[in-house]
$ cat start-v8.txt   # compact mmCIF, C-alpha atoms
# COMPACT_ATOMS: atom_id res chain seq x y z
CA GLY O 63 0.00 0.00 0.00
CA ASP O 64 0.86 3.67 -0.06
CA SER O 65 3.27 5.00 2.53
CA VAL O 66 5.13 8.17 3.43
CA THR O 67 8.40 8.35 5.30
CA GLN O 68 9.69 11.57 6.76
CA MET O 69 12.65 12.39 8.92
CA GLU O 70 12.17 12.15 12.63
CA GLY O 71 12.24 15.23 14.74
CA PRO O 72 12.41 17.35 16.58
CA VAL O 73 14.46 19.58 14.35
CA THR O 74 15.86 22.57 16.21
CA LEU O 75 17.20 25.52 14.24
CA SER O 76 18.27 29.06 14.89
CA GLU O 77 16.29 31.83 13.28
CA GLU O 78 17.35 32.52 9.67
CA ALA O 79 18.83 29.06 9.27
CA PHE O 80 18.13 26.90 6.21
CA LEU O 81 15.51 24.19 6.64
CA THR O 82 15.20 20.83 4.94
CA ILE O 83 12.71 18.19 6.01
CA ASN O 84 13.07 15.02 3.99
CA CYS O 85 10.07 13.10 2.70
CA THR O 86 9.97 10.01 0.51
CA TYR O 87 6.99 8.02 -0.59
CA THR O 88 5.82 4.71 -1.96
CA ALA O 89 2.70 4.67 -4.07
CA THR O 90 1.13 3.08 -7.11
CA GLY O 91 0.85 5.34 -10.10
CA TYR O 92 1.24 9.07 -9.81
CA PRO O 93 0.13 10.39 -6.44
CA SER O 94 -0.45 14.01 -5.54
CA LEU O 95 1.91 15.19 -2.81
CA PHE O 96 1.25 17.59 0.03
CA TRP O 97 2.85 19.29 2.97
CA TYR O 98 0.54 20.16 5.85
CA VAL O 99 1.49 22.23 8.89
CA GLN O 100 0.03 22.05 12.38
CA TYR O 101 0.75 24.99 14.64
CA PRO O 102 0.50 24.44 18.39
CA GLY O 103 -3.09 24.01 19.46
CA GLU O 104 -4.46 24.28 15.94
CA GLY O 105 -5.72 22.01 13.19
CA LEU O 106 -3.85 21.03 10.04
CA GLN O 107 -3.42 23.58 7.29
CA LEU O 108 -2.32 22.93 3.76
CA LEU O 109 1.12 24.45 3.23
CA LEU O 110 1.77 23.47 -0.36
CA LYS O 111 1.12 20.74 -2.88
CA ALA O 112 2.28 19.31 -6.20
CA THR O 113 0.20 17.11 -8.44
CA LYS O 114 2.66 15.87 -11.04
CA ALA O 115 6.33 15.10 -11.50
CA ASP O 116 8.73 18.08 -11.50
CA ASP O 117 6.04 20.41 -10.16
CA LYS O 118 7.22 22.75 -7.44
CA GLY O 119 4.82 23.73 -4.71
CA SER O 120 5.57 26.92 -2.80
CA ASN O 121 3.98 29.02 -0.10
CA LYS O 122 5.18 31.39 2.63
CA GLY O 123 8.81 30.89 1.59
CA PHE O 124 8.54 27.10 1.75
CA GLU O 125 9.18 25.01 -1.35
CA ALA O 126 9.03 21.35 -2.31
CA THR O 127 9.62 19.71 -5.69
CA TYR O 128 7.92 16.49 -6.80
CA ARG O 129 10.79 14.18 -7.76
CA LYS O 130 9.46 11.03 -9.33
CA GLU O 131 12.88 9.53 -9.99
CA THR O 132 13.77 9.62 -6.30
CA THR O 133 10.14 9.40 -5.04
CA SER O 134 10.79 12.40 -2.84
CA PHE O 135 9.11 15.67 -1.88
CA HIS O 136 11.55 17.37 0.46
CA LEU O 137 10.42 20.58 2.18
CA GLU O 138 12.84 23.52 2.17
CA LYS O 139 12.94 27.09 3.39
CA GLY O 140 15.85 29.42 3.02
CA SER O 141 15.45 31.35 6.27
CA VAL O 142 13.21 30.11 9.05
CA GLN O 143 11.51 32.27 11.62
CA VAL O 144 10.38 31.56 15.15
CA SER O 145 6.80 31.65 13.86
CA ASP O 146 7.56 28.61 11.68
CA SER O 147 7.75 26.43 14.78
CA ALA O 148 5.16 23.72 14.19
CA VAL O 149 4.73 20.10 13.18
CA TYR O 150 5.05 19.44 9.46
CA PHE O 151 3.34 16.48 7.80
CA CYS O 152 4.15 15.09 4.38
CA ALA O 153 1.21 13.33 2.74
CA LEU O 154 -0.01 11.86 -0.51
CA THR O 155 -3.25 10.92 -2.18
CA GLY O 156 -3.05 7.82 -4.29
CA LEU O 157 -5.44 5.79 -6.32
CA THR O 158 -7.55 4.55 -3.41
CA GLY O 159 -10.49 6.39 -1.93
CA GLY O 160 -11.33 8.08 -5.19
CA GLY O 161 -7.98 9.79 -5.16
CA ASN O 162 -8.68 11.76 -2.01
CA LYS O 163 -7.58 9.40 0.72
CA LEU O 164 -4.59 11.01 2.40
CA THR O 165 -1.71 8.94 3.68
CA PHE O 166 0.41 10.87 6.17
CA GLY O 167 3.96 10.61 7.31
CA THR O 168 4.64 10.61 11.04
CA GLY O 169 5.23 14.36 11.18
CA THR O 170 8.38 16.33 11.95
CA GLN O 171 8.40 18.86 14.73
CA LEU O 172 10.34 22.03 13.96
CA LYS O 173 11.54 24.32 16.73
CA VAL O 174 13.05 27.63 15.74
CA GLU O 175 14.95 29.56 18.40
CA LEU O 176 16.21 33.11 18.50
CA GLY Z 1036 -9.88 28.93 1.48
CA ALA Z 1037 -12.69 26.57 2.37
CA VAL Z 1038 -13.70 26.22 6.01
CA VAL Z 1039 -14.44 23.08 7.95
CA SER Z 1040 -15.72 23.32 11.50
CA GLN Z 1041 -15.97 20.79 14.27
CA HIS Z 1042 -18.09 20.77 17.39
CA PRO Z 1043 -17.35 20.49 20.19
CA SER Z 1044 -13.72 21.52 20.33
CA ARG Z 1045 -13.22 19.52 23.49
CA VAL Z 1046 -15.36 17.17 25.51
CA ILE Z 1047 -14.91 15.29 28.76
CA CYS Z 1048 -17.18 12.36 29.46
CA LYS Z 1049 -17.54 9.45 31.80
CA SER Z 1050 -16.63 5.95 30.80
CA GLY Z 1051 -19.55 4.11 29.22
CA THR Z 1052 -21.26 7.16 27.77
CA SER Z 1053 -21.52 8.09 24.09
CA VAL Z 1054 -20.15 11.23 22.53
CA LYS Z 1055 -21.14 12.80 19.21
CA ILE Z 1056 -18.73 14.96 17.23
CA GLU Z 1057 -19.95 17.06 14.32
CA CYS Z 1058 -17.99 18.03 11.24
CA ARG Z 1059 -19.40 20.71 8.94
CA SER Z 1060 -18.25 22.15 5.66
CA LEU Z 1061 -19.28 25.79 5.98
CA ASP Z 1062 -18.95 27.14 2.47
CA PHE Z 1063 -18.90 24.12 0.21
CA GLN Z 1064 -20.61 20.78 -0.20
CA ALA Z 1065 -18.75 17.61 0.59
CA THR Z 1066 -20.02 14.23 -0.59
CA THR Z 1067 -17.04 12.70 1.16
CA MET Z 1068 -15.49 13.50 4.50
CA PHE Z 1069 -12.71 11.77 6.35
CA TRP Z 1070 -12.30 11.08 10.05
CA TYR Z 1071 -8.86 10.81 11.63
CA ARG Z 1072 -7.52 10.10 15.05
CA GLN Z 1073 -4.30 11.68 16.26
CA PHE Z 1074 -2.40 10.45 19.28
CA PRO Z 1075 -0.04 12.78 21.14
CA LYS Z 1076 3.07 13.57 19.10
CA GLN Z 1077 2.02 11.13 16.41
CA SER Z 1078 0.63 11.27 12.95
CA LEU Z 1079 -2.98 11.16 11.85
CA MET Z 1080 -4.53 7.76 11.49
CA LEU Z 1081 -7.40 7.54 9.04
CA MET Z 1082 -10.37 5.91 10.73
CA ALA Z 1083 -13.05 6.01 8.08
CA THR Z 1084 -14.42 7.67 4.99
CA SER Z 1085 -17.84 9.21 5.42
CA ASN Z 1086 -20.01 9.05 2.30
CA GLU Z 1087 -23.14 11.12 1.86
CA GLY Z 1088 -26.06 8.85 1.09
CA SER Z 1089 -24.28 5.59 1.78
CA LYS Z 1090 -22.47 3.69 4.48
CA ALA Z 1091 -19.12 4.81 5.76
CA THR Z 1092 -16.01 2.91 4.76
CA TYR Z 1093 -13.88 1.93 7.74
CA GLU Z 1094 -10.16 1.30 7.78
CA GLN Z 1095 -8.84 -2.03 8.89
CA GLY Z 1096 -8.87 -2.40 12.65
CA VAL Z 1097 -11.45 0.32 13.28
CA GLU Z 1098 -14.61 -0.95 14.98
CA LYS Z 1099 -17.59 0.32 13.02
CA ASP Z 1100 -20.00 -0.45 15.84
CA LYS Z 1101 -17.98 1.64 18.23
CA PHE Z 1102 -17.32 4.58 15.93
CA LEU Z 1103 -20.64 5.31 14.24
CA ILE Z 1104 -20.50 7.64 11.28
CA ASN Z 1105 -23.48 9.34 9.72
CA HIS Z 1106 -23.19 11.65 6.72
CA ALA Z 1107 -26.54 13.35 7.16
CA SER Z 1108 -26.23 15.97 4.44
CA LEU Z 1109 -23.77 17.42 1.96
CA THR Z 1110 -22.36 19.64 4.69
CA LEU Z 1111 -22.51 17.50 7.81
CA SER Z 1112 -20.90 14.31 9.02
CA THR Z 1113 -21.07 13.05 12.59
CA LEU Z 1114 -18.85 10.64 14.47
CA THR Z 1115 -20.35 9.02 17.55
CA VAL Z 1116 -18.02 7.27 19.94
CA THR Z 1117 -20.26 4.73 21.64
CA SER Z 1118 -19.65 3.39 25.13
CA ALA Z 1119 -16.48 5.40 25.38
CA HIS Z 1120 -13.56 4.16 27.44
CA PRO Z 1121 -10.37 5.90 28.57
CA GLU Z 1122 -8.43 4.34 25.68
CA ASP Z 1123 -10.71 6.24 23.29
CA SER Z 1124 -9.31 9.51 24.61
CA SER Z 1125 -7.68 11.20 21.65
CA PHE Z 1126 -7.78 14.08 19.22
CA TYR Z 1127 -10.35 13.49 16.48
CA ILE Z 1128 -10.04 15.43 13.24
CA CYS Z 1129 -12.22 15.54 10.16
CA SER Z 1130 -11.39 16.71 6.67
CA ALA Z 1131 -13.23 17.30 3.43
CA PRO Z 1132 -12.12 17.78 -0.17
CA THR Z 1133 -13.84 20.66 -1.92
CA SER Z 1134 -14.74 18.96 -5.16
CA GLY Z 1135 -14.03 15.28 -4.73
CA GLY Z 1136 -11.64 15.14 -7.61
CA ALA Z 1137 -8.48 13.09 -7.36
CA GLY Z 1138 -5.69 14.99 -5.65
CA ASP Z 1139 -8.07 17.71 -4.56
CA THR Z 1140 -7.00 19.84 -1.63
CA GLN Z 1141 -8.54 18.78 1.64
CA TYR Z 1142 -9.51 21.15 4.38
CA PHE Z 1143 -9.28 20.10 7.96
CA GLY Z 1144 -11.41 20.89 10.92
CA PRO Z 1145 -9.71 22.23 14.05
CA GLY Z 1146 -10.16 18.92 15.84
CA THR Z 1147 -12.03 17.68 18.90
CA ARG Z 1148 -10.17 16.70 22.05
CA LEU Z 1149 -11.99 13.80 23.71
CA THR Z 1150 -11.13 12.86 27.27
CA VAL Z 1151 -12.85 9.83 28.76
CA LEU Z 1152 -12.63 9.57 32.53

$ encode --input "start-v8.txt" --output "structure tokens"
Amino acid sequence: GDSVTQMEGPVTLSEEAFLTINCTYTATGYPSLFWYVQYPGEGLQLLLKATKADDKGSNKGFEATYRKETTSFHLEKGSVQVSDSAVYFCALTGLTGGGNKLTFGTGTQLKVEL
Amino acid sequence: GAVVSQHPSRVICKSGTSVKIECRSLDFQATTMFWYRQFPKQSLMLMATSNEGSKATYEQGVEKDKFLINHASLTLSTLTVTSAHPEDSSFYICSAPTSGGAGDTQYFGPGTRLTVL
């Protein structure tokens, strides 16, 4: 079945540091790929998505590129802020569930310090 | 973006009682909604797919008689935890895609914190 693997956290960075959170996936066919963010005490919010190979999703300074050859969708940001502290989830929708059934990675907690 | 609400945001109940959680799509219709359970510091586990006008589809290992799902309308799905026990304490989250197309963006409710005493 479909699966998503992301790096374990917590990841602790200083403000303005470069961020990479690795995500790889296993799926049949061509899934859509997503990054969701969960701020403390809040629900999940879509951060960015990519629906086909070589697409780059971007939002709020975050970027991720759909790499079919390496089955990866790594999240990057050039300069993190304290307000970016949250849990980040990589996810995909595959062929099951009408193409809308999300499979999540385990989440990576990011802590950004001054 | 689209808005999904959940009610209540948190509930505390006694063991053996039933608790109903509502999930509403406020500005769009959702023929499908999803219910997840999130344990502390862990990922979301899909429990079931709620289908308007038909029975819910449950994931393997999820007891359908314990977690009753009713998709009453195109904007409302309810999850009832029957005869709740302390091990059912968790964070329950619903989501809905806006159009139902493959790869469509899903919008999540803010979650419901259930504590069973």

$ residues_around --input "start-v8.txt" --residues "range 121-125 of chain O" --least-positions-apart "5" --cutoff "6 Å" --atoms "all atoms listed in the file" --output "JSON, numbers by chain"
{"O": [110, 137, 138, 139]}

$ closest_atom_pairs --input "start-v8.txt" --of "chain Z" --to "chain O" --cutoff "12 Å" --atoms "all atoms listed in the file" --output "JSON lines"
{"residue": "Z:Gly1036", "atom": "CA", "partner": "O:Leu108", "partner_atom": "CA", "distance": 9.9}
{"residue": "Z:Ala1037", "atom": "CA", "partner": "O:Gln107", "partner_atom": "CA", "distance": 10.9}
{"residue": "Z:Val1038", "atom": "CA", "partner": "O:Gln107", "partner_atom": "CA", "distance": 10.7}
{"residue": "Z:Val1039", "atom": "CA", "partner": "O:Gly105", "partner_atom": "CA", "distance": 10.2}
{"residue": "Z:Ser1040", "atom": "CA", "partner": "O:Gly105", "partner_atom": "CA", "distance": 10.2}
{"residue": "Z:Gln1041", "atom": "CA", "partner": "O:Gly105", "partner_atom": "CA", "distance": 10.4}
{"residue": "Z:Ser1044", "atom": "CA", "partner": "O:Glu104", "partner_atom": "CA", "distance": 10.6}
{"residue": "Z:Arg1045", "atom": "CA", "partner": "O:Gly103", "partner_atom": "CA", "distance": 11.8}
{"residue": "Z:Ala1065", "atom": "CA", "partner": "O:Asn162", "partner_atom": "CA", "distance": 11.9}
{"residue": "Z:Thr1066", "atom": "CA", "partner": "O:Gly160", "partner_atom": "CA", "distance": 11.6}
{"residue": "Z:Thr1067", "atom": "CA", "partner": "O:Asn162", "partner_atom": "CA", "distance": 9.0}
{"residue": "Z:Met1068", "atom": "CA", "partner": "O:Asn162", "partner_atom": "CA", "distance": 9.6}
{"residue": "Z:Phe1069", "atom": "CA", "partner": "O:Lys163", "partner_atom": "CA", "distance": 8.0}
{"residue": "Z:Trp1070", "atom": "CA", "partner": "O:Lys163", "partner_atom": "CA", "distance": 10.6}
{"residue": "Z:Tyr1071", "atom": "CA", "partner": "O:Leu164", "partner_atom": "CA", "distance": 10.2}
{"residue": "Z:Arg1072", "atom": "CA", "partner": "O:Phe166", "partner_atom": "CA", "distance": 11.9}
{"residue": "Z:Gln1073", "atom": "CA", "partner": "O:Thr168", "partner_atom": "CA", "distance": 10.4}
{"residue": "Z:Phe1074", "atom": "CA", "partner": "O:Thr168", "partner_atom": "CA", "distance": 10.8}
{"residue": "Z:Pro1075", "atom": "CA", "partner": "O:Thr168", "partner_atom": "CA", "distance": 11.3}
{"residue": "Z:Lys1076", "atom": "CA", "partner": "O:Gly169", "partner_atom": "CA", "distance": 8.2}
{"residue": "Z:Gln1077", "atom": "CA", "partner": "O:Thr168", "partner_atom": "CA", "distance": 6.0}
{"residue": "Z:Ser1078", "atom": "CA", "partner": "O:Thr168", "partner_atom": "CA", "distance": 4.5}
{"residue": "Z:Leu1079", "atom": "CA", "partner": "O:Phe166", "partner_atom": "CA", "distance": 6.6}
{"residue": "Z:Met1080", "atom": "CA", "partner": "O:Phe166", "partner_atom": "CA", "distance": 7.9}
{"residue": "Z:Leu1081", "atom": "CA", "partner": "O:Thr165", "partner_atom": "CA", "distance": 7.9}
{"residue": "Z:Met1082", "atom": "CA", "partner": "O:Lys163", "partner_atom": "CA", "distance": 11.0}
{"residue": "Z:Ala1083", "atom": "CA", "partner": "O:Lys163", "partner_atom": "CA", "distance": 9.8}
{"residue": "Z:Thr1084", "atom": "CA", "partner": "O:Gly159", "partner_atom": "CA", "distance": 8.1}
{"residue": "Z:Ser1085", "atom": "CA", "partner": "O:Gly159", "partner_atom": "CA", "distance": 10.8}
{"residue": "Z:Asn1086", "atom": "CA", "partner": "O:Gly159", "partner_atom": "CA", "distance": 10.8}
{"residue": "Z:Ala1091", "atom": "CA", "partner": "O:Gly159", "partner_atom": "CA", "distance": 11.7}
{"residue": "Z:Thr1092", "atom": "CA", "partner": "O:Gly159", "partner_atom": "CA", "distance": 9.3}
{"residue": "Z:Tyr1093", "atom": "CA", "partner": "O:Gly159", "partner_atom": "CA", "distance": 11.2}
{"residue": "Z:Glu1094", "atom": "CA", "partner": "O:Gly159", "partner_atom": "CA", "distance": 11.0}
{"residue": "Z:Phe1126", "atom": "CA", "partner": "O:Gly105", "partner_atom": "CA", "distance": 10.2}
{"residue": "Z:Tyr1127", "atom": "CA", "partner": "O:Gly105", "partner_atom": "CA", "distance": 10.2}
{"residue": "Z:Ile1128", "atom": "CA", "partner": "O:Gly105", "partner_atom": "CA", "distance": 7.9}
{"residue": "Z:Cys1129", "atom": "CA", "partner": "O:Gly105", "partner_atom": "CA", "distance": 9.7}
{"residue": "Z:Ser1130", "atom": "CA", "partner": "O:Leu106", "partner_atom": "CA", "distance": 9.3}
{"residue": "Z:Ala1131", "atom": "CA", "partner": "O:Asn162", "partner_atom": "CA", "distance": 9.0}
{"residue": "Z:Pro1132", "atom": "CA", "partner": "O:Asn162", "partner_atom": "CA", "distance": 7.2}
{"residue": "Z:Thr1133", "atom": "CA", "partner": "O:Asn162", "partner_atom": "CA", "distance": 10.3}
{"residue": "Z:Ser1134", "atom": "CA", "partner": "O:Asn162", "partner_atom": "CA", "distance": 9.9}
{"residue": "Z:Gly1135", "atom": "CA", "partner": "O:Asn162", "partner_atom": "CA", "distance": 7.0}
{"residue": "Z:Gly1136", "atom": "CA", "partner": "O:Gly161", "partner_atom": "CA", "distance": 6.9}
{"residue": "Z:Ala1137", "atom": "CA", "partner": "O:Gly161", "partner_atom": "CA", "distance": 4.0}
{"residue": "Z:Gly1138", "atom": "CA", "partner": "O:Ser94", "partner_atom": "CA", "distance": 5.3}
{"residue": "Z:Asp1139", "atom": "CA", "partner": "O:Asn162", "partner_atom": "CA", "distance": 6.5}
{"residue": "Z:Thr1140", "atom": "CA", "partner": "O:Leu108", "partner_atom": "CA", "distance": 7.8}
{"residue": "Z:Gln1141", "atom": "CA", "partner": "O:Leu108", "partner_atom": "CA", "distance": 7.8}
{"residue": "Z:Tyr1142", "atom": "CA", "partner": "O:Gln107", "partner_atom": "CA", "distance": 7.2}
{"residue": "Z:Phe1143", "atom": "CA", "partner": "O:Leu106", "partner_atom": "CA", "distance": 5.9}
{"residue": "Z:Gly1144", "atom": "CA", "partner": "O:Gly105", "partner_atom": "CA", "distance": 6.2}
{"residue": "Z:Pro1145", "atom": "CA", "partner": "O:Gly105", "partner_atom": "CA", "distance": 4.1}
{"residue": "Z:Gly1146", "atom": "CA", "partner": "O:Gly105", "partner_atom": "CA", "distance": 6.0}
{"residue": "Z:Thr1147", "atom": "CA", "partner": "O:Gly105", "partner_atom": "CA", "distance": 9.5}
{"residue": "Z:Arg1148", "atom": "CA", "partner": "O:Gly103", "partner_atom": "CA", "distance": 10.5}

$ axis_aligned_box --input "start-v8.txt" --around "range 1072-1083 of chain Z" --padding-each-side "8 Å" --output "lines of an AutoDock Vina configuration file"
center_x = -5.0
center_y = 9.7
center_z = 14.6
size_x = 32.1
size_y = 23.7
size_z = 29.1

$ residues_around --input "start-v8.txt" --residues "Asp146 in chain O" --least-positions-apart "2" --cutoff "9 Å" --atoms "all atoms listed in the file" --output "list in words"
Tyr101, Val142, Gln143, Val144, Ala148, Leu172, Lys173 and Val174 of chain O

$ closest_residue --input "start-v8.txt" --among "O:Thr74, O:Ser120, O:Ser145, O:Thr133" --to "Gly91 in chain O" --atoms "all atoms listed in the file"
O:Thr133

$ atom_distance --input "start-v8.txt" --atom1 "CA of Cys152 in chain O" --atom2 "CA of Pro72 in chain O"
14.9 Å

$ atom_distance --input "start-v8.txt" --atom1 "CA of Thr1113 in chain Z" --atom2 "CA of Trp97 in chain O"
26.5 Å

$ atom_distance --input "start-v8.txt" --atom1 "CA of Ser1050 in chain Z" --atom2 "CA of Ala1107 in chain Z"
26.7 Å

$ residues_around --input "start-v8.txt" --residues "Cys85 in chain O" --least-positions-apart "3" --cutoff "8 Å" --atoms "only C-alpha atoms" --output "MDAnalysis selection string"
chainID O and resid 66:69 134:137 152

$ residues_around --input "start-v8.txt" --residues "Glu1122 in chain Z" --least-positions-apart "4" --cutoff "12 Å" --atoms "all atoms listed in the file" --output "list of chain:residue names"
Z:Ser1050, Z:Gly1051, Z:Phe1074, Z:Val1116, Z:Ser1118, Z:Phe1126, Z:Leu1149, Z:Thr1150, Z:Val1151, Z:Leu1152

$ residues_around --input "start-v8.txt" --residues "Thr1115 in chain Z" --least-positions-apart "5" --cutoff "9 Å" --atoms "only C-alpha atoms" --output "PDB file with C-alpha atoms, in the coordinates of the input"
ATOM      1  CA  SER Z1053     -21.520   8.090  24.090  1.00  0.00           C
ATOM      2  CA  VAL Z1054     -20.150  11.230  22.530  1.00  0.00           C
ATOM      3  CA  LYS Z1055     -21.140  12.800  19.210  1.00  0.00           C
ATOM      4  CA  ILE Z1056     -18.730  14.960  17.230  1.00  0.00           C
ATOM      5  CA  GLU Z1057     -19.950  17.060  14.320  1.00  0.00           C
ATOM      6  CA  LYS Z1101     -17.980   1.640  18.230  1.00  0.00           C
ATOM      7  CA  PHE Z1102     -17.320   4.580  15.930  1.00  0.00           C
ATOM      8  CA  LEU Z1103     -20.640   5.310  14.240  1.00  0.00           C
ATOM      9  CA  ILE Z1104     -20.500   7.640  11.280  1.00  0.00           C
ATOM     10  CA  ASN Z1105     -23.480   9.340   9.720  1.00  0.00           C
TER      11      ASN Z1105
END

$ decode --input "start-v8.txt" --residues "range 85-123 of chain O" --atoms "C-alpha atoms" --output "PDB file, in the first residue's frame"
ATOM      1  CA  CYS O  85      10.070  13.096   2.697  1.00  0.00           C
ATOM      2  CA  THR O  86       9.973  10.008   0.513  1.00  0.00           C
ATOM      3  CA  TYR O  87       6.990   8.019  -0.587  1.00  0.00           C
ATOM      4  CA  THR O  88       5.817   4.710  -1.960  1.00  0.00           C
ATOM      5  CA  ALA O  89       2.700   4.670  -4.075  1.00  0.00           C
ATOM      6  CA  THR O  90       1.131   3.085  -7.105  1.00  0.00           C
ATOM      7  CA  GLY O  91       0.850   5.337 -10.096  1.00  0.00           C
ATOM      8  CA  TYR O  92       1.237   9.074  -9.806  1.00  0.00           C
ATOM      9  CA  PRO O  93       0.126  10.395  -6.443  1.00  0.00           C
ATOM     10  CA  SER O  94      -0.448  14.011  -5.536  1.00  0.00           C
ATOM     11  CA  LEU O  95       1.907  15.187  -2.810  1.00  0.00           C
ATOM     12  CA  PHE O  96       1.246  17.594   0.025  1.00  0.00           C
ATOM     13  CA  TRP O  97       2.846  19.291   2.974  1.00  0.00           C
ATOM     14  CA  TYR O  98       0.544  20.165   5.853  1.00  0.00           C
ATOM     15  CA  VAL O  99       1.492  22.233   8.895  1.00  0.00           C
ATOM     16  CA  GLN O 100       0.031  22.049  12.379  1.00  0.00           C
ATOM     17  CA  TYR O 101       0.745  24.991  14.642  1.00  0.00           C
ATOM     18  CA  PRO O 102       0.503  24.444  18.392  1.00  0.00           C
ATOM     19  CA  GLY O 103      -3.093  24.010  19.460  1.00  0.00           C
ATOM     20  CA  GLU O 104      -4.461  24.284  15.942  1.00  0.00           C
ATOM     21  CA  GLY O 105      -5.725  22.006  13.186  1.00  0.00           C
ATOM     22  CA  LEU O 106      -3.854  21.035  10.040  1.00  0.00           C
ATOM     23  CA  GLN O 107      -3.419  23.581   7.291  1.00  0.00           C
ATOM     24  CA  LEU O 108      -2.316  22.928   3.763  1.00  0.00           C
ATOM     25  CA  LEU O 109       1.119  24.455   3.230  1.00  0.00           C
ATOM     26  CA  LEU O 110       1.775  23.467  -0.365  1.00  0.00           C
ATOM     27  CA  LYS O 111       1.124  20.740  -2.883  1.00  0.00           C
ATOM     28  CA  ALA O 112       2.280  19.309  -6.204  1.00  0.00           C
ATOM     29  CA  THR O 113       0.202  17.114  -8.438  1.00  0.00           C
ATOM     30  CA  LYS O 114       2.659  15.874 -11.037  1.00  0.00           C
ATOM     31  CA  ALA O 115       6.326  15.099 -11.495  1.00  0.00           C
ATOM     32  CA  ASP O 116       8.726  18.075 -11.501  1.00  0.00           C
ATOM     33  CA  ASP O 117       6.038  20.409 -10.157  1.00  0.00           C
ATOM     34  CA  LYS O 118       7.223  22.748  -7.442  1.00  0.00           C
ATOM     35  CA  GLY O 119       4.824  23.734  -4.710  1.00  0.00           C
ATOM     36  CA  SER O 120       5.568  26.917  -2.802  1.00  0.00           C
ATOM     37  CA  ASN O 121       3.979  29.023  -0.102  1.00  0.00           C
ATOM     38  CA  LYS O 122       5.183  31.385   2.634  1.00  0.00           C
ATOM     39  CA  GLY O 123       8.808  30.895   1.593  1.00  0.00           C
TER      40      GLY O 123
END
